[in-house]
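J.: Structure supplied as query18.cif; contents: mmCIF, C-alpha atoms.
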```
data_target
loop_
_atom_site.group_PDB
_atom_site.id
_atom_site.type_symbol
_atom_site.label_atom_id
_atom_site.label_comp_id
_atom_site.auth_asym_id
_atom_site.auth_seq_id
_atom_site.Cartn_x
_atom_site.Cartn_y
_atom_site.Cartn_z
ATOM 1 C CA MET Z 1 -4.095 -4.512 22.112
ATOM 2 C CA ILE Z 2 -0.530 -4.364 20.787
ATOM 3 C CA VAL Z 3 -1.243 -0.969 19.232
ATOM 4 C CA ALA Z 4 -2.693 0.250 22.539
ATOM 5 C CA TYR Z 5 0.461 -0.731 24.441
ATOM 6 C CA ALA Z 6 2.687 0.834 21.779
ATOM 7 C CA ASN Z 7 0.875 4.183 21.917
ATOM 8 C CA GLY Z 8 0.750 4.475 25.696
ATOM 9 C CA ILE Z 9 -2.956 3.744 26.100
ATOM 10 C CA ALA Z 10 -1.949 0.861 28.394
ATOM 11 C CA ASP Z 11 1.212 0.448 30.482
ATOM 12 C CA PRO Z 12 3.473 -2.219 28.870
ATOM 13 C CA CYS Z 13 5.643 -2.486 32.016
ATOM 14 C CA MET Z 14 2.868 -2.736 34.572
ATOM 15 C CA GLY Z 15 3.618 -5.160 37.411
ATOM 16 C CA ASN Z 16 6.637 -6.859 35.805
ATOM 17 C CA TYR Z 17 9.323 -4.244 36.285
ATOM 18 C CA GLU Z 18 10.545 -1.842 38.971
ATOM 19 C CA ASN Z 19 10.125 1.265 36.819
ATOM 20 C CA ALA Z 20 8.419 2.195 33.597
ATOM 21 C CA GLU Z 21 11.633 2.272 31.551
ATOM 22 C CA SER Z 22 13.279 -0.965 32.696
ATOM 23 C CA CYS Z 23 11.286 -3.102 30.281
ATOM 24 C CA LYS Z 24 12.188 -1.067 27.203
ATOM 25 C CA GLY Z 25 15.336 -1.369 25.155
ATOM 26 C CA GLU Z 26 16.822 0.905 22.539
ATOM 27 C CA VAL Z 27 14.905 1.466 19.312
ATOM 28 C CA GLU Z 28 17.298 1.578 16.366
ATOM 29 C CA PRO Z 29 16.087 2.439 12.851
ATOM 30 C CA PHE Z 30 18.856 0.303 11.300
ATOM 31 C CA THR Z 31 20.866 -2.672 12.508
ATOM 32 C CA ASN Z 32 24.031 -4.378 11.324
ATOM 33 C CA ALA Z 33 24.082 -6.842 8.437
ATOM 34 C CA SER Z 34 24.606 -9.958 10.579
ATOM 35 C CA SER Z 35 21.602 -9.187 12.772
ATOM 36 C CA THR Z 36 19.419 -8.497 9.743
ATOM 37 C CA ILE Z 37 20.425 -11.673 7.905
ATOM 38 C CA SER Z 38 19.840 -13.793 11.008
ATOM 39 C CA ARG Z 39 16.255 -12.422 11.161
ATOM 40 C CA VAL Z 40 15.458 -12.942 7.463
ATOM 41 C CA PRO Z 41 14.615 -16.674 7.880
ATOM 42 C CA ILE Z 42 11.829 -15.799 10.338
ATOM 43 C CA PHE Z 43 10.167 -13.635 7.691
ATOM 44 C CA VAL Z 44 10.686 -16.366 5.086
ATOM 45 C CA PHE Z 45 9.062 -18.881 7.434
ATOM 46 C CA ALA Z 46 6.145 -16.510 8.103
ATOM 47 C CA PHE Z 47 5.246 -16.327 4.412
ATOM 48 C CA THR Z 48 5.864 -19.975 3.532
ATOM 49 C CA CYS Z 49 2.363 -21.181 2.728
ATOM 50 C CA HIS Z 50 3.059 -22.891 -0.613
ATOM 51 C CA GLN Z 51 2.202 -26.336 0.723
ATOM 52 C CA ASN Z 52 -1.432 -25.306 1.237
ATOM 53 C CA ILE Z 53 -2.058 -24.174 -2.338
ATOM 54 C CA PHE Z 54 -3.212 -27.620 -3.502
ATOM 55 C CA PRO Z 55 -6.111 -27.969 -1.013
ATOM 56 C CA ILE Z 56 -7.069 -24.362 -1.745
ATOM 57 C CA VAL Z 57 -7.191 -25.068 -5.481
ATOM 58 C CA ASN Z 58 -9.477 -28.033 -4.840
ATOM 59 C CA GLU Z 59 -11.850 -25.861 -2.776
ATOM 60 C CA ILE Z 60 -12.184 -22.906 -5.179
ATOM 61 C CA SER Z 61 -15.449 -22.896 -7.119
ATOM 62 C CA SER Z 62 -15.248 -21.971 -10.826
ATOM 63 C CA LEU Z 63 -11.484 -22.371 -10.698
ATOM 64 C CA SER Z 64 -9.461 -20.064 -12.912
ATOM 65 C CA GLN Z 65 -5.995 -18.541 -12.806
ATOM 66 C CA SER Z 66 -7.391 -15.073 -12.119
ATOM 67 C CA ARG Z 67 -9.479 -16.282 -9.151
ATOM 68 C CA LEU Z 68 -6.482 -18.175 -7.806
ATOM 69 C CA ASN Z 69 -4.302 -15.063 -8.120
ATOM 70 C CA ILE Z 70 -6.898 -13.057 -6.182
ATOM 71 C CA VAL Z 71 -6.909 -15.611 -3.350
ATOM 72 C CA ILE Z 72 -3.097 -15.660 -3.190
ATOM 73 C CA SER Z 73 -2.768 -11.863 -3.312
ATOM 74 C CA CYS Z 74 -5.437 -11.268 -0.668
ATOM 75 C CA SER Z 75 -4.025 -13.926 1.658
ATOM 76 C CA ILE Z 76 -0.418 -12.746 1.476
ATOM 77 C CA GLY Z 77 -1.475 -9.080 1.564
ATOM 78 C CA LEU Z 78 -3.568 -9.560 4.710
ATOM 79 C CA ALA Z 79 -0.757 -11.528 6.368
ATOM 80 C CA LEU Z 80 1.719 -8.781 5.449
ATOM 81 C CA VAL Z 81 -0.450 -6.091 7.040
ATOM 82 C CA ILE Z 82 -0.988 -8.064 10.266
ATOM 83 C CA PHE Z 83 2.658 -9.121 10.575
ATOM 84 C CA SER Z 84 3.874 -5.584 9.903
ATOM 85 C CA VAL Z 85 1.601 -4.054 12.558
ATOM 86 C CA VAL Z 86 2.614 -6.627 15.189
ATOM 87 C CA ALA Z 87 6.326 -6.385 14.373
ATOM 88 C CA LEU Z 88 6.573 -2.592 14.173
ATOM 89 C CA GLU Z 89 4.345 -1.820 17.142
ATOM 90 C CA GLY Z 90 5.948 -4.541 19.265
ATOM 91 C CA TYR Z 91 9.447 -3.290 18.497
ATOM 92 C CA ARG Z 92 8.351 0.311 19.085
ATOM 93 C CA THR Z 93 7.071 -0.743 22.506
ATOM 94 C CA TYR Z 94 10.029 -2.766 23.824
ATOM 95 C CA GLY Z 95 12.875 -1.978 21.417
ATOM 96 C CA SER Z 96 15.870 -4.290 21.642
ATOM 97 C CA SER Z 97 14.315 -6.024 24.672
ATOM 98 C CA VAL Z 98 11.549 -7.577 22.564
ATOM 99 C CA ARG Z 99 11.518 -11.389 22.786
ATOM 100 C CA GLY Z 100 10.903 -14.055 20.178
ATOM 101 C CA ASP Z 101 7.359 -14.497 21.499
ATOM 102 C CA ILE Z 102 6.214 -10.927 22.006
ATOM 103 C CA LEU Z 103 3.444 -11.984 24.409
ATOM 104 C CA LEU Z 104 6.186 -12.864 26.920
ATOM 105 C CA ASN Z 105 7.068 -9.164 27.135
ATOM 106 C CA TYR Z 106 3.600 -7.988 28.066
ATOM 107 C CA PRO Z 107 2.341 -7.909 31.674
ATOM 108 C CA GLU Z 108 0.259 -10.754 33.017
ATOM 109 C CA ASN Z 109 -3.239 -9.336 33.181
ATOM 110 C CA ASN Z 110 -6.687 -10.267 31.880
ATOM 111 C CA GLN Z 111 -6.235 -8.519 28.537
ATOM 112 C CA VAL Z 112 -2.965 -10.255 27.710
ATOM 113 C CA THR Z 113 -4.347 -13.567 28.973
ATOM 114 C CA PHE Z 114 -7.189 -13.181 26.479
ATOM 115 C CA LEU Z 115 -4.592 -12.619 23.730
ATOM 116 C CA ARG Z 116 -2.783 -15.792 24.751
ATOM 117 C CA ILE Z 117 -6.058 -17.743 24.577
ATOM 118 C CA CYS Z 118 -6.671 -16.353 21.081
ATOM 119 C CA ILE Z 119 -3.152 -17.381 20.005
ATOM 120 C CA ALA Z 120 -3.694 -20.890 21.396
ATOM 121 C CA PHE Z 121 -7.011 -21.167 19.536
ATOM 122 C CA MET Z 122 -5.365 -19.947 16.322
ATOM 123 C CA LEU Z 123 -2.551 -22.488 16.640
ATOM 124 C CA THR Z 124 -5.103 -25.241 17.225
ATOM 125 C CA LEU Z 125 -6.651 -24.451 13.839
ATOM 126 C CA HIS Z 126 -3.286 -23.740 12.210
ATOM 127 C CA TYR Z 127 -1.577 -27.013 13.133
ATOM 128 C CA PRO Z 128 -3.651 -29.271 10.815
ATOM 129 C CA LEU Z 129 -2.913 -26.929 7.896
ATOM 130 C CA GLN Z 130 0.784 -27.649 8.388
ATOM 131 C CA LEU Z 131 0.415 -31.298 9.357
ATOM 132 C CA ASP Z 132 -1.658 -32.446 6.377
ATOM 133 C CA PRO Z 133 0.636 -31.331 3.508
ATOM 134 C CA SER Z 134 3.748 -32.323 5.467
ATOM 135 C CA ARG Z 135 2.312 -35.782 6.081
ATOM 136 C CA ARG Z 136 1.434 -36.130 2.386
ATOM 137 C CA CYS Z 137 4.971 -35.214 1.329
ATOM 138 C CA ILE Z 138 6.619 -37.597 3.788
ATOM 139 C CA THR Z 139 4.202 -40.376 2.820
ATOM 140 C CA SER Z 140 5.113 -39.920 -0.849
ATOM 141 C CA LEU Z 141 8.835 -39.985 -0.036
ATOM 142 C CA VAL Z 142 8.469 -43.127 2.089
ATOM 143 C CA LYS Z 143 6.537 -44.897 -0.675
ATOM 144 C CA VAL Z 144 9.158 -43.962 -3.273
ATOM 145 C CA ILE Z 145 11.934 -45.286 -1.033
ATOM 146 C CA MET Z 146 9.973 -48.492 -0.316
ATOM 147 C CA ASN Z 147 9.336 -49.096 -4.026
ATOM 148 C CA TRP Z 148 12.998 -48.431 -4.808
ATOM 149 C CA TRP Z 149 14.075 -50.870 -2.104
ATOM 150 C CA ARG Z 150 11.579 -53.501 -3.320
ATOM 151 C CA VAL Z 151 12.873 -53.242 -6.890
ATOM 152 C CA LYS Z 152 16.466 -53.380 -5.692
ATOM 153 C CA LYS Z 153 15.869 -56.621 -3.770
ATOM 154 C CA GLN Z 154 14.146 -58.384 -6.686
ATOM 155 C CA PRO Z 155 16.204 -60.879 -8.710
ATOM 156 C CA LYS Z 156 17.549 -59.607 -12.004
ATOM 157 C CA VAL Z 157 18.254 -61.149 -15.381
ATOM 158 C CA GLY Z 158 21.052 -59.073 -16.807
ATOM 159 C CA ASN Z 159 20.104 -55.475 -16.077
ATOM 160 C CA VAL Z 160 16.342 -56.068 -15.977
ATOM 161 C CA ALA Z 161 14.511 -56.726 -12.721
ATOM 162 C CA LEU Z 162 11.896 -59.460 -12.720
ATOM 163 C CA MET Z 163 8.744 -57.561 -11.798
ATOM 164 C CA LYS Z 164 5.764 -59.507 -10.532
ATOM 165 C CA LEU Z 165 2.546 -58.077 -11.887
ATOM 166 C CA PRO Z 166 -0.497 -57.643 -9.637
ATOM 167 C CA GLY Z 167 -2.434 -60.862 -9.453
ATOM 168 C CA ASP Z 168 0.400 -62.845 -11.051
ATOM 169 C CA HIS Z 169 1.418 -65.402 -8.431
ATOM 170 C CA SER Z 170 4.325 -67.774 -8.812
ATOM 171 C CA GLY Z 171 3.361 -71.153 -10.065
ATOM 172 C CA GLY Z 172 0.117 -69.898 -11.585
ATOM 173 C CA LEU Z 173 -3.065 -71.921 -11.349
ATOM 174 C CA GLU Z 174 -2.294 -75.591 -11.374
ATOM 175 C CA MET Z 175 -4.739 -77.485 -13.500
ATOM 176 C CA LYS Z 176 -5.228 -81.186 -13.505
ATOM 177 C CA LEU Z 177 -5.493 -83.098 -16.760
ATOM 178 C CA GLU Z 178 -9.188 -83.834 -16.302
ATOM 179 C CA GLU Z 179 -9.939 -80.105 -15.788
ATOM 180 C CA THR Z 180 -8.825 -79.409 -19.334
ATOM 181 C CA LEU Z 181 -11.818 -81.409 -20.526
ATOM 182 C CA ASN Z 182 -14.038 -78.475 -19.383
ATOM 183 C CA PRO Z 183 -12.166 -75.342 -20.466
ATOM 184 C CA ASP Z 184 -15.067 -72.931 -19.768
ATOM 185 C CA GLU Z 185 -15.320 -74.030 -16.149
ATOM 186 C CA THR Z 186 -11.559 -73.870 -15.733
ATOM 187 C CA LEU Z 187 -11.433 -70.355 -17.199
ATOM 188 C CA LYS Z 188 -14.220 -69.200 -14.865
ATOM 189 C CA GLU Z 189 -12.420 -70.589 -11.827
ATOM 190 C CA GLY Z 190 -9.165 -68.973 -12.938
ATOM 191 C CA ASN Z 191 -10.784 -65.568 -13.349
ATOM 192 C CA SER Z 192 -12.450 -65.866 -9.942
ATOM 193 C CA TYR Z 193 -9.154 -66.833 -8.329
ATOM 194 C CA ARG Z 194 -7.386 -63.869 -9.969
ATOM 195 C CA GLU Z 195 -10.113 -61.425 -8.868
ATOM 196 C CA ASN Z 196 -9.909 -62.682 -5.283
ATOM 197 C CA SER Z 197 -6.128 -62.335 -5.358
ATOM 198 C CA GLN Z 198 -6.342 -58.779 -6.670
ATOM 199 C CA ASN Z 199 -8.909 -57.868 -4.018
ATOM 200 C CA ASP Z 200 -6.629 -59.295 -1.338
ATOM 201 C CA GLU Z 201 -3.706 -57.266 -2.670
ATOM 202 C CA LYS Z 202 -5.817 -54.086 -2.716
ATOM 203 C CA GLN Z 203 -6.893 -54.688 0.871
ATOM 204 C CA GLN Z 204 -3.293 -55.283 1.931
ATOM 205 C CA LYS Z 205 -2.268 -52.037 0.210
ATOM 206 C CA VAL Z 206 -5.045 -50.128 2.006
ATOM 207 C CA ASP Z 207 -3.982 -51.630 5.354
ATOM 208 C CA ALA Z 208 -0.340 -50.701 4.678
ATOM 209 C CA ASP Z 209 -1.330 -47.137 3.741
ATOM 210 C CA ASP Z 210 -3.415 -46.797 6.919
ATOM 211 C CA LYS Z 211 -0.533 -48.081 9.026
ATOM 212 C CA LEU Z 212 1.876 -45.621 7.417
ATOM 213 C CA PHE Z 213 -0.682 -42.819 7.904
ATOM 214 C CA TYR Z 214 -0.987 -43.484 11.638
ATOM 215 C CA ILE Z 215 2.772 -43.884 12.146
ATOM 216 C CA ILE Z 216 3.608 -40.563 10.462
ATOM 217 C CA THR Z 217 0.770 -38.732 12.232
ATOM 218 C CA PHE Z 218 1.785 -40.101 15.628
ATOM 219 C CA SER Z 219 5.418 -39.169 14.977
ATOM 220 C CA PHE Z 220 4.468 -35.601 14.059
ATOM 221 C CA LEU Z 221 2.262 -35.156 17.105
ATOM 222 C CA SER Z 222 4.821 -36.678 19.480
ATOM 223 C CA LEU Z 223 7.763 -34.638 18.178
ATOM 224 C CA SER Z 224 5.689 -31.445 18.209
ATOM 225 C CA PHE Z 225 4.599 -32.058 21.787
ATOM 226 C CA ILE Z 226 8.154 -32.819 22.950
ATOM 227 C CA LEU Z 227 9.471 -29.698 21.194
ATOM 228 C CA ALA Z 228 6.758 -27.540 22.771
ATOM 229 C CA MET Z 229 7.574 -28.900 26.234
ATOM 230 C CA VAL Z 230 11.367 -28.579 25.948
ATOM 231 C CA VAL Z 231 11.913 -25.306 24.069
ATOM 232 C CA GLU Z 232 11.200 -22.073 25.931
ATOM 233 C CA ASP Z 233 11.878 -19.630 23.081
ATOM 234 C CA LEU Z 234 10.684 -20.650 19.630
ATOM 235 C CA GLY Z 235 12.540 -17.778 17.969
ATOM 236 C CA VAL Z 236 15.656 -19.877 17.381
ATOM 237 C CA ILE Z 237 13.623 -22.841 16.114
ATOM 238 C CA LEU Z 238 11.683 -20.635 13.700
ATOM 239 C CA ALA Z 239 14.921 -19.085 12.469
ATOM 240 C CA LEU Z 240 16.532 -22.486 11.845
ATOM 241 C CA VAL Z 241 13.449 -23.852 10.080
ATOM 242 C CA GLY Z 242 13.169 -20.672 8.039
ATOM 243 C CA ALA Z 243 16.829 -20.784 7.048
ATOM 244 C CA THR Z 244 16.607 -24.387 5.810
ATOM 245 C CA GLY Z 245 13.187 -25.801 4.932
ATOM 246 C CA SER Z 246 11.289 -22.563 4.314
ATOM 247 C CA THR Z 247 14.041 -21.045 2.166
ATOM 248 C CA LEU Z 248 14.239 -24.277 0.196
ATOM 249 C CA VAL Z 249 10.474 -24.311 -0.406
ATOM 250 C CA SER Z 250 10.085 -20.580 -1.050
ATOM 251 C CA TYR Z 251 13.200 -19.758 -3.076
ATOM 252 C CA VAL Z 252 15.332 -22.691 -4.203
ATOM 253 C CA LEU Z 253 12.748 -25.209 -5.440
ATOM 254 C CA PRO Z 254 10.394 -22.747 -7.220
ATOM 255 C CA GLY Z 255 13.295 -21.151 -9.073
ATOM 256 C CA LEU Z 256 14.849 -24.494 -9.958
ATOM 257 C CA ILE Z 257 11.566 -26.017 -11.164
ATOM 258 C CA TYR Z 258 10.742 -22.962 -13.278
ATOM 259 C CA ILE Z 259 14.183 -23.079 -14.890
ATOM 260 C CA LYS Z 260 13.745 -26.756 -15.733
ATOM 261 C CA ILE Z 261 10.227 -26.585 -17.226
ATOM 262 C CA TYR Z 262 10.220 -23.144 -18.904
ATOM 263 C CA PRO Z 263 12.092 -23.352 -22.224
ATOM 264 C CA HIS Z 264 12.410 -19.668 -23.189
ATOM 265 C CA MET Z 265 15.052 -17.306 -21.900
ATOM 266 C CA ASP Z 266 13.218 -14.120 -20.992
ATOM 267 C CA LEU Z 267 12.743 -11.836 -17.992
ATOM 268 C CA SER Z 268 10.722 -14.398 -16.035
ATOM 269 C CA LYS Z 269 13.452 -17.010 -16.394
ATOM 270 C CA LEU Z 270 16.122 -14.496 -15.372
ATOM 271 C CA LEU Z 271 14.064 -13.740 -12.265
ATOM 272 C CA ALA Z 272 13.874 -17.488 -11.591
ATOM 273 C CA TYR Z 273 17.678 -17.662 -11.733
ATOM 274 C CA LEU Z 274 17.851 -14.680 -9.362
ATOM 275 C CA GLN Z 275 15.394 -16.352 -6.978
ATOM 276 C CA LEU Z 276 17.452 -19.543 -7.019
ATOM 277 C CA VAL Z 277 20.701 -17.685 -6.317
ATOM 278 C CA VAL Z 278 19.126 -15.685 -3.477
ATOM 279 C CA GLY Z 279 17.891 -18.891 -1.846
ATOM 280 C CA ILE Z 280 21.264 -20.586 -2.175
ATOM 281 C CA VAL Z 281 22.953 -17.550 -0.594
ATOM 282 C CA ILE Z 282 20.445 -17.154 2.249
ATOM 283 C CA ILE Z 283 20.734 -20.719 3.570
ATOM 284 C CA PRO Z 284 24.455 -20.810 4.546
ATOM 285 C CA LEU Z 285 24.659 -17.145 5.556
ATOM 286 C CA ALA Z 286 21.579 -17.276 7.775
ATOM 287 C CA LEU Z 287 22.683 -20.527 9.416
ATOM 288 C CA TYR Z 288 26.134 -19.092 10.083
ATOM 289 C CA PHE Z 289 24.843 -15.924 11.756
ATOM 290 C CA ILE Z 290 22.143 -17.771 13.723
ATOM 291 C CA ILE Z 291 24.602 -20.326 15.102
ATOM 292 C CA THR Z 292 27.345 -17.791 15.868
ATOM 293 C CA LYS Z 293 24.839 -15.567 17.667
ATOM 294 C CA GLN Z 294 23.690 -18.446 19.849
ATOM 295 C CA VAL Z 295 27.282 -19.461 20.609
ATOM 296 C CA THR Z 296 28.342 -15.924 21.567
ATOM 297 C CA HIS Z 297 25.298 -15.503 23.818
#
```
Translate the structure described by the file into structure tokens.
T.:
Amino acid sequence: MIVAYANGIADPCMGNYENAESCKGEVEPFTNASSTISRVPIFVFAFTCHQNIFPIVNEISSLSQSRLNIVISCSIGLALVIFSVVALEGYRTYGSSVRGDILLNYPENNQVTFLRICIAFMLTLHYPLQLDPSRRCITSLVKVIMNWWRVKKQPKVGNVALMKLPGDHSGGLEMKLEETLNPDETLKEGNSYRENSQNDEKQQKVDADDKLFYIITFSFLSLSFILAMVVEDLGVILALVGATGSTLVSYVLPGLIYIKIYPHMDLSKLLAYLQLVVGIVIIPLALYFIITKQVTH
């Protein structure tokens, strides 16, 4: 459909504009550096799929590095082709008047309505792919912070915190003097008491994990819904997310982790340094141009 509008098979200005040229802006082969840098985060965000690699690895049968490379190459290659067609044909159709959501440029007819339904269906399936790994990461961070806070609040002897082991309750199992006359029975009761205590602790941990799961999920859904209702143009949001979180995930962290775990200095490590530097440069520059553009407009 986008290709049809770009090549004149269908009228891209039908019904929404007074004349056929009012909906089209200038098509420039090159733009200035500030405009280009402010758009880079959107492309970074579009190709940030690293968080989904772990579920994909678990689903691949006969897992090997070569099969994993094929999946990654095919996925990114297909996305590149689709994104390139939509971006180039959309810009060729509307030029500088193209909007962050290109469907907002097209006329309101049955064909475009069908495209909007397809996009909504795609987002319905896409949202869980983003929610699940994000929820896992936040859950891990919350648990680390909770454990750190729990250790910090425990009493210390010198520089060592007094850790209470699972099933080790203060006071222990009080035994009367006559119970020591039957040590086997006392030992059996002690083991049973410890097993019950451990089971109770496991159940409490499961309940706490479920509570944290529902809280994080509800927070994600609520914030997403509020953002969708308030924001009219997601282009700025995508640019900001791409300039911060996506650049961090796609450039900074992979380069930094590779530098830390790979001991040899060769071409791959030099490329990791280059990737790290590029990510560090993109974040402040992209944020600066995005914010200044919004302020000036």
J.: Can you sort out the box for segment 236-242 of chain Z, edges along x, y and z, all listed atoms in, 5 Å on every side, with centre and edge lengths in Å to one decimal, as JSON?
T.:
```
{"center_x": 14.1, "center_y": -21.5, "center_z": 12.7, "size_x": 14.8, "size_y": 14.8, "size_z": 19.3}
```
J.: Give one line per residue of segment 263-290 of chain Z that approaches segment 31-39 of chain Z to at most 9 Å, naming the two atoms of the closest pair and their distance in Å to one decimal, counting all atoms listed in the file; sort by chain then ascending residue number and deliver it as CSV.
T.:
```
residue,atom,partner,partner_atom,distance
Z:Ile282,CA,Z:Ile37,CA,7.9
Z:Leu285,CA,Z:Ile37,CA,7.3
Z:Ala286,CA,Z:Ser38,CA,5.1
Z:Leu287,CA,Z:Ser38,CA,7.5
Z:Tyr288,CA,Z:Ser38,CA,8.3
Z:Phe289,CA,Z:Ser38,CA,5.5
Z:Ile290,CA,Z:Ser38,CA,5.3
```
J.: Pick out the residues sitting within 10 Å of segment 255-260 of chain Z, and hand them over as a list of chain:residue names; count only C-alpha atoms, and ignore anything fewer than 3 positions along from it in its own chain.
T.: Z:Leu248, Z:Val249, Z:Ser250, Z:Tyr251, Z:Val252, Z:Pro263, Z:His264, Z:Met265, Z:Ser268, Z:Lys269, Z:Leu270, Z:Leu271, Z:Ala272, Z:Tyr273, Z:Leu274, Z:Gln275, Z:Leu276, Z:Val277, Z:Val278, Z:Gly279
J.: Between Z:Ser224, Z:Thr93, Z:Ser246, Z:Ser84, single out the one closest to Phe47 of chain Z, counting all atoms listed in the file.
T.: Z:Ser246
J.: Rounded to one decimal, what separation in Å do you get between atom CA of Ile72 of chain Z and atom CA of Glu59 of chain Z?
T.: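 So the two atoms, atom CA of Ile72 of chain Z and atom CA of Glu59 of chain Z, lie 13.4 Å apart.
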J.: At what distance in Å, to one decimal, does atom CA of Gly245 of chain Z lie from atom CA of Val151 of chain Z?
T.: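 We find that atom CA of Val151 of chain Z and atom CA of Gly245 of chain Z lie 29.9 Å from each other.
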J.: Interatomic distance between atom CA of His126 of chain Z and atom CA of Ile215 of chain Z?
T.: 21.0 Å
J.: Take the point (10.8, -19.2, 14.2) as written in the file and pick out every residue within 12 Å of it, counting all atoms listed in the file; give the list as a ChimeraX atom specification.
T.: /Z:38-48,99-101,231,233-246,290
J.: Could you give me, as a list in words, the residues within 12 Å of Tyr5 of chain Z, counting all atoms listed in the file and dropping anything in the same chain fewer than 4 positions from it?
T.: Met1, Ile9, Ala10, Asp11, Pro12, Cys13, Met14, Val86, Glu89, Gly90, Tyr91, Arg92, Thr93, Tyr94, Ile102, Leu103, Asn105, Tyr106, Pro107, Gln111 and Val112 of chain Z
J.: Can you translate the PyMOL selection byres ((chain Z and resi 131) around 12) into the concrete residues it hits in this file, as a compact mmCIF listing (two decimals) with C-alpha atoms, keeping the file's coordinate frame?
T.:
```txt
# COMPACT_ATOMS: atom_id res chain seq x y z
CA GLN Z 51 2.20 -26.34 0.72
CA ASN Z 52 -1.43 -25.31 1.24
CA LEU Z 123 -2.55 -22.49 16.64
CA THR Z 124 -5.10 -25.24 17.23
CA LEU Z 125 -6.65 -24.45 13.84
CA HIS Z 126 -3.29 -23.74 12.21
CA TYR Z 127 -1.58 -27.01 13.13
CA PRO Z 128 -3.65 -29.27 10.82
CA LEU Z 129 -2.91 -26.93 7.90
CA GLN Z 130 0.78 -27.65 8.39
CA ASP Z 132 -1.66 -32.45 6.38
CA PRO Z 133 0.64 -31.33 3.51
CA SER Z 134 3.75 -32.32 5.47
CA ARG Z 135 2.31 -35.78 6.08
CA ARG Z 136 1.43 -36.13 2.39
CA CYS Z 137 4.97 -35.21 1.33
CA ILE Z 138 6.62 -37.60 3.79
CA THR Z 139 4.20 -40.38 2.82
CA PHE Z 213 -0.68 -42.82 7.90
CA ILE Z 216 3.61 -40.56 10.46
CA THR Z 217 0.77 -38.73 12.23
CA PHE Z 218 1.78 -40.10 15.63
CA SER Z 219 5.42 -39.17 14.98
CA PHE Z 220 4.47 -35.60 14.06
CA LEU Z 221 2.26 -35.16 17.10
CA LEU Z 223 7.76 -34.64 18.18
CA SER Z 224 5.69 -31.44 18.21
```
J.: Check the smallest atom-to-atom distance from each of Z:Ile56, Z:Ile291, Z:Arg150, Z:Asn109 to Asn69 of chain Z using all atoms listed in the file, then report the winner.
T.: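 Closest residue, counting all atoms listed in the file: Z:Ile56.
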J.: Neighbours of Val57 of chain Z within 10 Å (all atoms listed in the file; same-chain residues fewer than 6 positions away dropped), as an mmCIF file with C-alpha atoms, in the frame of the given file?
T.:
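What landed in part16.cif:
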```cif
data_model
loop_
_atom_site.group_PDB
_atom_site.id
_atom_site.type_symbol
_atom_site.label_atom_id
_atom_site.label_comp_id
_atom_site.auth_asym_id
_atom_site.auth_seq_id
_atom_site.Cartn_x
_atom_site.Cartn_y
_atom_site.Cartn_z
ATOM 1 C CA LEU Z 63 -11.484 -22.371 -10.698
ATOM 2 C CA SER Z 64 -9.461 -20.064 -12.912
ATOM 3 C CA GLN Z 65 -5.995 -18.541 -12.806
ATOM 4 C CA ARG Z 67 -9.479 -16.282 -9.151
ATOM 5 C CA LEU Z 68 -6.482 -18.175 -7.806
ATOM 6 C CA VAL Z 71 -6.909 -15.611 -3.350
#
```
